[in-house]
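Peer 1: Take a look at this one; I'll ask things after.
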Amino acid sequence: MSLRQVEENEIEAAHEGNAVQMLRSPLPLYTIILIAMIGAVFVTQFLTSSDPYFFSVDRYSAITAGFDKPAFIAGEYWRILTGAAIHSGILHVLMNCYAFYSFGKLFEMLTNRAHLAIVFLLSAIGGGILSLVFKPDVTSVGASGGIVGLISYLAVYAFRRRQFISAEFRRSLLINIGFILIFGLVLFRLIDNFGHIGGLITGAIYGLIQIPSDEHVDPRSAGAVTNIAGVVSVVIYGLSCLLAILLLINGDKLA
């Protein structure tokens, strides 16, 4: 079977929910590992937070390990990553984990999983930087910047590899991106829309640089440097989650 046929079959399986084909797809290992890290941090939030409204908004965790912009500028540079590990309430973390798994599974099926870890980490940082520029006084939390970076990467993939991808599939990705932006604008008082936009831009730029347009080049292939960078990205985010957990447990002692 040619590369074109394989890619077309996998897109069709993902889009139409072909259960048999999906069972043959690789385990989304990095997606599961990163979601597990997010889950571990949220469990720690649950065990340590003193916020009486924890399930709707966890202000204690945001203050302790969130992306506090003034504190970041003052030298607590780790906050741009620990902020991407903290979530504000049960709905926030569940929505992010569901989106992460849905798009991460597709991402790892279409390309090398190392790129998922790299895109997620870079997009989380890119979203944090844009948020720092436009919302310097707001404390931000959540992995949304990294997750929407995965979506914009997939959108670039769908257009860069358009000879394999249906117009309907491309349209569905654009609808998802539009929904994210509109949702952020409507709830701009609650959602860090600049974090989302920064993540979208970062993921798209990475995709434009990395995704081959040549139909004879397999996008799943990756060299040793890329694989190592993927592992390093997972480790960096894991250490950020560990630091967030230690900060939550020890309160102000480590801050």
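A note on labels: chains of the structure tokens are A, B, ... as shown, every chain counts residues from 1, and ligands are counted from 1 in their shown order.
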Show me, as a count of residues only, the residues that have an atom within 10 Å of Tyr77 (chain A) when counting only C-alpha atoms, minus same-chain residues fewer than 5 positions from it.

Peer 2: 6

Peer 1: Tell me, counting only C-alpha atoms, for each residue of region 37-121 of chain A within 10 Å of region 139-155 of chain A, which pair of atoms is nearest and how far apart they are in Å to one decimal, in rows ordered by chain and increasing number, as JSON lines.

Peer 2:
```
{"residue": "A:Ile38", "atom": "CA", "partner": "A:Ala143", "partner_atom": "CA", "distance": 8.4}
{"residue": "A:Asp58", "atom": "CA", "partner": "A:Val141", "partner_atom": "CA", "distance": 9.9}
{"residue": "A:Arg59", "atom": "CA", "partner": "A:Thr139", "partner_atom": "CA", "distance": 9.6}
{"residue": "A:Ser61", "atom": "CA", "partner": "A:Val141", "partner_atom": "CA", "distance": 9.2}
{"residue": "A:Ala62", "atom": "CA", "partner": "A:Val141", "partner_atom": "CA", "distance": 6.5}
{"residue": "A:Ile63", "atom": "CA", "partner": "A:Thr139", "partner_atom": "CA", "distance": 7.7}
{"residue": "A:Ala65", "atom": "CA", "partner": "A:Val141", "partner_atom": "CA", "distance": 8.8}
{"residue": "A:Gly66", "atom": "CA", "partner": "A:Val141", "partner_atom": "CA", "distance": 5.4}
{"residue": "A:Phe67", "atom": "CA", "partner": "A:Ser140", "partner_atom": "CA", "distance": 5.0}
{"residue": "A:Asp68", "atom": "CA", "partner": "A:Thr139", "partner_atom": "CA", "distance": 4.4}
{"residue": "A:Lys69", "atom": "CA", "partner": "A:Thr139", "partner_atom": "CA", "distance": 6.2}
{"residue": "A:Pro70", "atom": "CA", "partner": "A:Thr139", "partner_atom": "CA", "distance": 8.7}
{"residue": "A:Ala71", "atom": "CA", "partner": "A:Thr139", "partner_atom": "CA", "distance": 9.5}
{"residue": "A:Arg79", "atom": "CA", "partner": "A:Ser140", "partner_atom": "CA", "distance": 9.6}
{"residue": "A:Ile80", "atom": "CA", "partner": "A:Ser140", "partner_atom": "CA", "distance": 8.8}
{"residue": "A:Leu81", "atom": "CA", "partner": "A:Ala143", "partner_atom": "CA", "distance": 9.2}
{"residue": "A:Thr82", "atom": "CA", "partner": "A:Val141", "partner_atom": "CA", "distance": 8.3}
{"residue": "A:Gly83", "atom": "CA", "partner": "A:Val141", "partner_atom": "CA", "distance": 4.7}
{"residue": "A:Ala84", "atom": "CA", "partner": "A:Ala143", "partner_atom": "CA", "distance": 4.5}
{"residue": "A:Ala85", "atom": "CA", "partner": "A:Gly142", "partner_atom": "CA", "distance": 6.0}
{"residue": "A:Ile86", "atom": "CA", "partner": "A:Gly142", "partner_atom": "CA", "distance": 5.4}
{"residue": "A:His87", "atom": "CA", "partner": "A:Gly142", "partner_atom": "CA", "distance": 4.8}
{"residue": "A:Ser88", "atom": "CA", "partner": "A:Val141", "partner_atom": "CA", "distance": 6.8}
{"residue": "A:His92", "atom": "CA", "partner": "A:Gly142", "partner_atom": "CA", "distance": 7.8}
{"residue": "A:Val93", "atom": "CA", "partner": "A:Gly142", "partner_atom": "CA", "distance": 7.7}
{"residue": "A:Met95", "atom": "CA", "partner": "A:Ser144", "partner_atom": "CA", "distance": 9.5}
{"residue": "A:Asn96", "atom": "CA", "partner": "A:Ser144", "partner_atom": "CA", "distance": 6.5}
{"residue": "A:Cys97", "atom": "CA", "partner": "A:Ala143", "partner_atom": "CA", "distance": 8.8}
{"residue": "A:Ala99", "atom": "CA", "partner": "A:Ile147", "partner_atom": "CA", "distance": 7.4}
{"residue": "A:Phe100", "atom": "CA", "partner": "A:Ile147", "partner_atom": "CA", "distance": 5.9}
{"residue": "A:Tyr101", "atom": "CA", "partner": "A:Ile147", "partner_atom": "CA", "distance": 9.5}
{"residue": "A:Phe103", "atom": "CA", "partner": "A:Ile151", "partner_atom": "CA", "distance": 6.7}
{"residue": "A:Gly104", "atom": "CA", "partner": "A:Leu150", "partner_atom": "CA", "distance": 7.2}
{"residue": "A:Leu106", "atom": "CA", "partner": "A:Leu154", "partner_atom": "CA", "distance": 8.6}
{"residue": "A:Phe107", "atom": "CA", "partner": "A:Leu154", "partner_atom": "CA", "distance": 6.9}
{"residue": "A:Leu110", "atom": "CA", "partner": "A:Leu154", "partner_atom": "CA", "distance": 8.9}
{"residue": "A:Thr111", "atom": "CA", "partner": "A:Leu154", "partner_atom": "CA", "distance": 9.7}
{"residue": "A:His115", "atom": "CA", "partner": "A:Leu150", "partner_atom": "CA", "distance": 9.4}
{"residue": "A:Leu116", "atom": "CA", "partner": "A:Leu150", "partner_atom": "CA", "distance": 7.0}
{"residue": "A:Ala117", "atom": "CA", "partner": "A:Gly146", "partner_atom": "CA", "distance": 9.3}
{"residue": "A:Ile118", "atom": "CA", "partner": "A:Gly146", "partner_atom": "CA", "distance": 9.5}
{"residue": "A:Val119", "atom": "CA", "partner": "A:Gly149", "partner_atom": "CA", "distance": 6.4}
{"residue": "A:Phe120", "atom": "CA", "partner": "A:Gly146", "partner_atom": "CA", "distance": 4.2}
{"residue": "A:Leu121", "atom": "CA", "partner": "A:Gly146", "partner_atom": "CA", "distance": 6.1}
```

Peer 1: Near Phe134 (chain A), within 10 Å and counting only C-alpha atoms, which residues show up once chain neighbours fewer than 2 positions away are dropped, as a list in words?

Peer 2: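 Once the nearby chain positions are removed, what remains is Ile129, Leu130, Ser131, Leu132, Pro136, Asp137, Val138, Asp192, Asn193, Phe194 and Gly195 of chain A.
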
Peer 1: Keeping all heavy atoms for every residue in the selection just given, could you write it to a file as an mmCIF file, in the first residue's frame?

Peer 2:
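Written out: out_7.cif:
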```cif
data_model
loop_
_atom_site.group_PDB
_atom_site.id
_atom_site.type_symbol
_atom_site.label_atom_id
_atom_site.label_comp_id
_atom_site.auth_asym_id
_atom_site.auth_seq_id
_atom_site.Cartn_x
_atom_site.Cartn_y
_atom_site.Cartn_z
ATOM 1 N N ILE A 129 3.794 33.883 26.413
ATOM 2 C CA ILE A 129 4.497 35.111 26.025
ATOM 3 C C ILE A 129 3.520 36.151 25.484
ATOM 4 O O ILE A 129 3.577 37.326 25.851
ATOM 5 C CB ILE A 129 5.590 34.799 24.990
ATOM 6 C CG1 ILE A 129 6.723 34.003 25.649
ATOM 7 C CG2 ILE A 129 6.140 36.089 24.376
ATOM 8 C CD1 ILE A 129 7.759 33.490 24.678
ATOM 9 N N LEU A 130 2.589 35.711 24.603
ATOM 10 C CA LEU A 130 1.621 36.664 24.050
ATOM 11 C C LEU A 130 0.693 37.181 25.142
ATOM 12 O O LEU A 130 0.331 38.373 25.159
ATOM 13 C CB LEU A 130 0.809 36.005 22.934
ATOM 14 C CG LEU A 130 0.085 36.990 22.004
ATOM 15 C CD1 LEU A 130 1.098 37.787 21.189
ATOM 16 C CD2 LEU A 130 -0.873 36.253 21.071
ATOM 17 N N SER A 131 0.326 36.316 26.077
ATOM 18 C CA SER A 131 -0.499 36.746 27.201
ATOM 19 C C SER A 131 0.247 37.745 28.075
ATOM 20 O O SER A 131 -0.340 38.712 28.572
ATOM 21 C CB SER A 131 -0.900 35.520 28.026
ATOM 22 O OG SER A 131 -1.640 35.896 29.163
ATOM 23 N N LEU A 132 1.539 37.527 28.243
ATOM 24 C CA LEU A 132 2.360 38.445 29.039
ATOM 25 C C LEU A 132 2.378 39.832 28.411
ATOM 26 O O LEU A 132 2.313 40.849 29.111
ATOM 27 C CB LEU A 132 3.785 37.895 29.139
ATOM 28 C CG LEU A 132 4.822 38.770 29.843
ATOM 29 C CD1 LEU A 132 4.480 38.941 31.311
ATOM 30 C CD2 LEU A 132 6.216 38.166 29.688
ATOM 31 N N PRO A 136 -0.595 41.776 31.005
ATOM 32 C CA PRO A 136 0.525 41.673 31.957
ATOM 33 C C PRO A 136 0.122 41.638 33.424
ATOM 34 O O PRO A 136 0.941 41.279 34.271
ATOM 35 C CB PRO A 136 1.353 42.924 31.653
ATOM 36 C CG PRO A 136 0.365 43.899 31.101
ATOM 37 C CD PRO A 136 -0.606 43.080 30.320
ATOM 38 N N ASP A 137 -1.109 41.986 33.733
ATOM 39 C CA ASP A 137 -1.528 42.033 35.135
ATOM 40 C C ASP A 137 -2.435 40.867 35.520
ATOM 41 O O ASP A 137 -2.925 40.814 36.650
ATOM 42 C CB ASP A 137 -2.260 43.349 35.417
ATOM 43 C CG ASP A 137 -1.374 44.567 35.163
ATOM 44 O OD1 ASP A 137 -0.174 44.484 35.497
ATOM 45 O OD2 ASP A 137 -1.872 45.567 34.618
ATOM 46 N N VAL A 138 -2.671 39.962 34.586
ATOM 47 C CA VAL A 138 -3.606 38.857 34.830
ATOM 48 C C VAL A 138 -2.839 37.558 35.071
ATOM 49 O O VAL A 138 -1.900 37.238 34.343
ATOM 50 C CB VAL A 138 -4.557 38.676 33.629
ATOM 51 C CG1 VAL A 138 -5.458 37.461 33.838
ATOM 52 C CG2 VAL A 138 -5.394 39.929 33.424
ATOM 53 N N ASP A 192 -8.212 33.483 28.908
ATOM 54 C CA ASP A 192 -7.040 34.197 28.392
ATOM 55 C C ASP A 192 -6.943 33.950 26.886
ATOM 56 O O ASP A 192 -6.278 33.033 26.426
ATOM 57 C CB ASP A 192 -5.775 33.702 29.097
ATOM 58 C CG ASP A 192 -4.533 34.486 28.699
ATOM 59 O OD1 ASP A 192 -4.623 35.321 27.783
ATOM 60 O OD2 ASP A 192 -3.475 34.257 29.304
ATOM 61 N N ASN A 193 -7.653 34.776 26.116
ATOM 62 C CA ASN A 193 -7.709 34.580 24.666
ATOM 63 C C ASN A 193 -6.347 34.770 24.014
ATOM 64 O O ASN A 193 -6.043 34.132 23.002
ATOM 65 C CB ASN A 193 -8.729 35.546 24.053
ATOM 66 C CG ASN A 193 -9.371 34.967 22.804
ATOM 67 O OD1 ASN A 193 -9.603 33.762 22.716
ATOM 68 N ND2 ASN A 193 -9.656 35.807 21.836
ATOM 69 N N PHE A 194 -5.524 35.642 24.583
ATOM 70 C CA PHE A 194 -4.196 35.859 24.012
ATOM 71 C C PHE A 194 -3.310 34.622 24.202
ATOM 72 O O PHE A 194 -2.447 34.340 23.374
ATOM 73 C CB PHE A 194 -3.547 37.096 24.620
ATOM 74 C CG PHE A 194 -4.190 38.373 24.172
ATOM 75 C CD1 PHE A 194 -5.001 39.096 25.036
ATOM 76 C CD2 PHE A 194 -4.002 38.846 22.882
ATOM 77 C CE1 PHE A 194 -5.607 40.275 24.626
ATOM 78 C CE2 PHE A 194 -4.598 40.025 22.460
ATOM 79 C CZ PHE A 194 -5.410 40.743 23.328
ATOM 80 N N GLY A 195 -3.529 33.883 25.289
ATOM 81 C CA GLY A 195 -2.820 32.624 25.478
ATOM 82 C C GLY A 195 -3.189 31.631 24.389
ATOM 83 O O GLY A 195 -2.338 30.905 23.869
#
```

Peer 1: DSSP on the backbone: which residues in region 98-229 of chain A end up as alpha helix (DSSP H)? Give the answer as number ranges by chain.

Peer 2: A: 98-110, 113-134, 144-160, 167-186, 193-210, 224-229

Peer 1: In Å to one decimal, how far is CA of Ser123 (chain A) from CA of Gly223 (chain A)?

Peer 2: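 Between these atoms lies a distance of 21.5 Å.
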
Peer 1: Suppose you want the space between CA of Tyr206 (chain A) and CA of Ala124 (chain A); what is it in Å?

Peer 2: 12.9 Å

Peer 1: Just how far from CA of Lys105 (chain A) is CA of Gln163 (chain A), in Å to one decimal?

Peer 2: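 Between these atoms lies a distance of 21.6 Å.
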
Peer 1: Can you tell me, as an mmCIF file with N, CA and C atoms, in the first residue's frame, what residues are no more than 8 Å from Thr44 (chain A) when counting only C-alpha atoms, ignoring any on the same chain fewer than 5 positions away?

Peer 2:
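So the final result, stored in result.cif, reads:
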```cif
data_model
loop_
_atom_site.group_PDB
_atom_site.id
_atom_site.type_symbol
_atom_site.label_atom_id
_atom_site.label_comp_id
_atom_site.auth_asym_id
_atom_site.auth_seq_id
_atom_site.Cartn_x
_atom_site.Cartn_y
_atom_site.Cartn_z
ATOM 1 N N ILE A 245 3.489 20.715 41.756
ATOM 2 C CA ILE A 245 3.036 19.882 42.865
ATOM 3 C C ILE A 245 3.761 20.244 44.162
ATOM 4 N N LEU A 248 2.511 23.545 45.481
ATOM 5 C CA LEU A 248 1.184 23.421 46.085
ATOM 6 C C LEU A 248 1.266 22.780 47.462
ATOM 7 N N ILE A 249 2.135 21.788 47.596
ATOM 8 C CA ILE A 249 2.263 21.086 48.873
ATOM 9 C C ILE A 249 2.931 21.963 49.930
#
```

Peer 1: Here is a test: counting only C-alpha atoms, which residue of A:Leu122, A:Val235, A:Ile177, A:Ile211 is nearest to Arg161 (chain A)?

Peer 2: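 Checking each of A:Leu122, A:Val235, A:Ile177, A:Ile211 against Arg161 (chain A), counting only C-alpha atoms, the winner is A:Ile211.
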